[in-house]
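Here's query_0.txt, which has compact mmCIF, C-alpha atoms:
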# COMPACT_ATOMS: atom_id res chain seq x y z
CA MET O 1 177.24 171.78 86.98
CA SER O 2 175.59 169.37 84.55
CA PRO O 3 172.38 167.57 85.52
CA LEU O 4 172.49 163.99 86.73
CA LEU O 5 172.11 161.53 83.86
CA ILE O 6 172.00 158.22 85.72
CA SER O 7 172.49 157.09 89.29
CA LEU O 8 173.20 153.57 90.49
CA GLN O 9 172.33 153.00 94.13
CA GLN O 10 173.55 149.84 95.88
CA LEU O 11 173.26 147.89 92.63
CA SER O 12 174.04 144.20 93.07
CA LYS O 13 173.88 141.07 90.95
CA GLN O 14 174.23 137.57 92.32
CA PHE O 15 174.31 134.41 90.27
CA TYR O 16 173.00 131.26 91.91
CA LEU O 17 174.85 128.04 91.25
CA TYR O 18 173.83 124.44 91.69
CA ASP O 19 176.20 121.49 91.35
CA GLN O 20 174.15 118.42 90.41
CA THR O 21 176.95 116.01 91.24
CA THR O 22 177.31 117.18 94.86
CA ASN O 23 173.86 118.77 95.36
CA GLU O 24 175.63 121.88 96.64
CA LYS O 25 174.17 125.31 96.15
CA GLY O 26 176.25 128.44 95.93
CA VAL O 27 176.13 132.15 95.22
CA VAL O 28 178.55 134.30 93.25
CA ASP O 29 178.52 138.04 93.92
CA ALA O 30 179.24 139.40 90.43
CA VAL O 31 178.41 143.04 91.32
CA ASN O 32 178.11 144.12 94.93
CA ASP O 33 176.56 147.38 96.21
CA VAL O 34 177.72 149.70 93.40
CA ASP O 35 177.00 153.39 93.91
CA LEU O 36 177.73 155.55 90.88
CA ASP O 37 176.54 158.86 89.44
CA ILE O 38 177.11 159.96 85.85
CA LEU O 39 176.41 163.56 84.91
CA SER O 40 175.04 164.60 81.53
CA GLY O 41 177.89 164.98 79.04
CA GLU O 42 180.24 162.70 80.97
CA THR O 43 181.75 159.51 79.62
CA LEU O 44 182.50 156.64 81.97
CA GLY O 45 185.10 153.97 81.38
CA LEU O 46 185.15 150.94 83.67
CA VAL O 47 188.55 149.36 84.16
CA GLY O 48 189.32 146.18 86.06
CA GLU O 49 190.56 142.65 85.95
CA SER O 50 188.88 140.02 83.85
CA GLY O 51 185.87 138.65 85.71
CA CYS O 52 185.48 141.59 88.10
CA GLY O 53 181.94 142.46 86.94
CA LYS O 54 182.37 145.28 84.39
CA SER O 55 180.24 143.67 81.70
CA THR O 56 177.74 142.39 84.25
CA LEU O 57 177.27 145.94 85.56
CA GLY O 58 176.65 147.25 82.04
CA ARG O 59 174.20 144.46 81.29
CA CYS O 60 172.35 145.20 84.55
CA ILE O 61 172.02 148.89 83.66
CA LEU O 62 170.51 147.94 80.28
CA ARG O 63 168.47 145.23 82.01
CA LEU O 64 169.82 142.58 79.68
CA ILE O 65 170.18 140.72 82.96
CA GLU O 66 168.14 141.70 86.00
CA PRO O 67 169.99 143.03 89.06
CA THR O 68 169.43 141.23 92.34
CA ALA O 69 169.13 144.46 94.35
CA GLY O 70 169.50 148.21 94.18
CA LYS O 71 168.20 151.06 92.06
CA ILE O 72 168.96 152.50 88.64
CA ILE O 73 167.64 156.07 88.52
CA TYR O 74 167.30 157.65 85.08
CA GLU O 75 165.17 160.75 84.41
CA ASP O 76 163.94 160.61 88.03
CA GLN O 77 162.60 157.10 87.52
CA ASN O 78 163.82 153.77 88.90
CA LEU O 79 164.39 151.72 85.75
CA LEU O 80 163.94 148.51 87.73
CA GLN O 81 160.27 149.38 88.30
CA ILE O 82 159.53 149.61 84.58
CA PRO O 83 158.01 146.43 83.13
CA GLU O 84 160.31 144.65 80.64
CA LYS O 85 157.88 145.24 77.75
CA ALA O 86 157.94 149.00 78.38
CA PHE O 87 161.75 149.22 78.64
CA LYS O 88 162.55 149.28 74.90
CA PRO O 89 162.53 153.11 74.55
CA TYR O 90 165.20 153.39 77.26
CA ARG O 91 167.53 151.01 75.43
CA LYS O 92 167.55 153.47 72.50
CA LYS O 93 169.30 155.96 74.76
CA MET O 94 171.93 153.64 76.27
CA GLN O 95 174.76 151.46 75.06
CA ILE O 96 177.78 149.51 76.19
CA VAL O 97 180.99 149.82 74.20
CA PHE O 98 183.22 146.82 74.91
CA GLN O 99 187.01 147.00 74.78
CA ASP O 100 187.00 144.28 72.13
CA PRO O 101 183.76 144.78 70.23
CA PHE O 102 184.61 142.02 67.73
CA ALA O 103 182.75 139.52 69.90
CA SER O 104 179.56 141.58 69.59
CA LEU O 105 179.79 142.02 65.80
CA ASN O 106 178.24 139.25 63.72
CA PRO O 107 181.05 138.07 61.40
CA ARG O 108 178.52 136.99 58.75
CA LYS O 109 176.88 140.40 58.44
CA SER O 110 178.13 143.49 56.66
CA ILE O 111 178.79 146.65 58.64
CA ARG O 112 175.82 148.24 56.86
CA PHE O 113 173.52 145.50 58.18
CA ILE O 114 175.04 145.71 61.68
CA LEU O 115 174.47 149.48 61.83
CA GLU O 116 171.05 149.45 60.18
CA GLU O 117 169.54 146.63 62.26
CA PRO O 118 169.04 148.71 65.46
CA LEU O 119 167.32 151.42 63.42
CA ILE O 120 164.86 148.83 62.10
CA ILE O 121 164.33 147.31 65.55
CA HIS O 122 163.60 150.75 67.03
CA GLY O 123 161.04 151.67 64.40
CA ARG O 124 162.87 153.61 61.70
CA SER O 125 161.11 151.71 58.96
CA ASN O 126 161.49 154.39 56.30
CA SER O 127 164.55 153.43 54.22
CA GLN O 128 165.42 157.06 53.40
CA ASP O 129 165.29 157.97 57.10
CA ARG O 130 167.59 155.03 57.90
CA LYS O 131 170.00 156.01 55.10
CA ASN O 132 170.16 159.60 56.35
CA ARG O 133 170.78 158.47 59.93
CA LEU O 134 173.41 155.97 58.79
CA ASP O 135 175.22 158.61 56.68
CA GLU O 136 175.25 161.03 59.61
CA THR O 137 176.48 158.37 62.04
CA ILE O 138 179.31 156.96 59.94
CA GLU O 139 180.60 160.47 59.29
CA LYS O 140 180.73 161.13 63.05
CA VAL O 141 182.84 158.01 63.68
CA GLY O 142 185.08 158.41 60.61
CA LEU O 143 183.79 155.58 58.40
CA THR O 144 183.04 155.77 54.68
CA GLN O 145 180.21 154.46 52.50
CA GLU O 146 182.64 152.00 50.94
CA GLU O 147 183.49 150.53 54.36
CA LEU O 148 179.83 149.72 55.01
CA LYS O 149 180.13 146.87 52.50
CA ARG O 150 182.92 145.21 54.49
CA TYR O 151 182.74 142.66 57.32
CA PRO O 152 184.00 142.93 60.92
CA HIS O 153 187.17 140.87 60.35
CA GLU O 154 188.31 143.43 57.77
CA PHE O 155 188.69 146.19 60.37
CA SER O 156 191.31 147.02 63.01
CA GLY O 157 190.44 146.97 66.72
CA GLY O 158 190.03 150.76 66.82
CA GLN O 159 187.78 150.72 63.77
CA ARG O 160 185.67 147.99 65.38
CA GLN O 161 185.26 150.14 68.46
CA ARG O 162 184.04 153.00 66.28
CA ILE O 163 181.58 150.60 64.63
CA GLY O 164 180.36 149.63 68.10
CA ILE O 165 179.92 153.29 69.01
CA ALA O 166 178.07 153.96 65.74
CA ARG O 167 175.74 151.03 66.40
Give the structure from the file, written as structure tokens.
Amino acid sequence: MSPLLISLQQLSKQFYLYDQTTNEKGVVDAVNDVDLDILSGETLGLVGESGCGKSTLGRCILRLIEPTAGKIIYEDQNLLQIPEKAFKPYRKKMQIVFQDPFASLNPRKSIRFILEEPLIIHGRSNSQDRKNRLDETIEKVGLTQEELKRYPHEFSGGQRQRIGIAR
């Protein structure tokens, strides 16, 4: 059996609302007590109705939004106890691939820029190192050098998903 990659334990996210016209306060339970284990080598696909919390759950795992309660255990460590400034190395190892990645691809940037930007952000400042990594990555997802010059609107939905995976 493969080792445990990540474990979510009673993960919850609530959004607090305030209506200024009526002075009413409210709470929306976007994600409620999720328990989930993913083993190394597994791929997880979340399926559900629009608005059921799939994207919110992914954003909580990456700490793009902070969960209200629960634990996220990765490498025997609760990710929610790591200060935000020290969390960057963990984001290198995780990603969300949306069903329609077009919304997450900047339409004004070439695919080369979109794929190279995370490498720059995460410290691959050597241009040859970035080029080698980019070449290796696009080959894995079935893209060509010529396609790197194109823009997101020039690709099909499936190609955009592969771009999202490559990123």
Show me, as an MDAnalysis selection string, the residues that have an atom within 10 Å of region 87-91 of chain O when counting only C-alpha atoms, minus same-chain residues fewer than 6 positions from it. chainID O and resid 61:64 74 79:81 121:122
Neighbour list for Ser55 (chain O) as an NGL selection string, cut-off 10 Å, all atoms listed in the file, skip fewer than 3 positions in-chain: :O and (30-31 or 46 or 50-52 or 58-61 or 96-98)
Residues within 12 Å of Glu42 (chain O), only C-alpha atoms, excluding chain neighbours under 2 positions, as an MDAnalysis selection string: chainID O and resid 1:6 37:40 44:45
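The shortest atom-to-atom distance to Gln9 (chain O), with only C-alpha atoms taken into account, belongs to O:Ile73 out of O:Ile138, O:Leu57, O:Leu105, O:Ile73.
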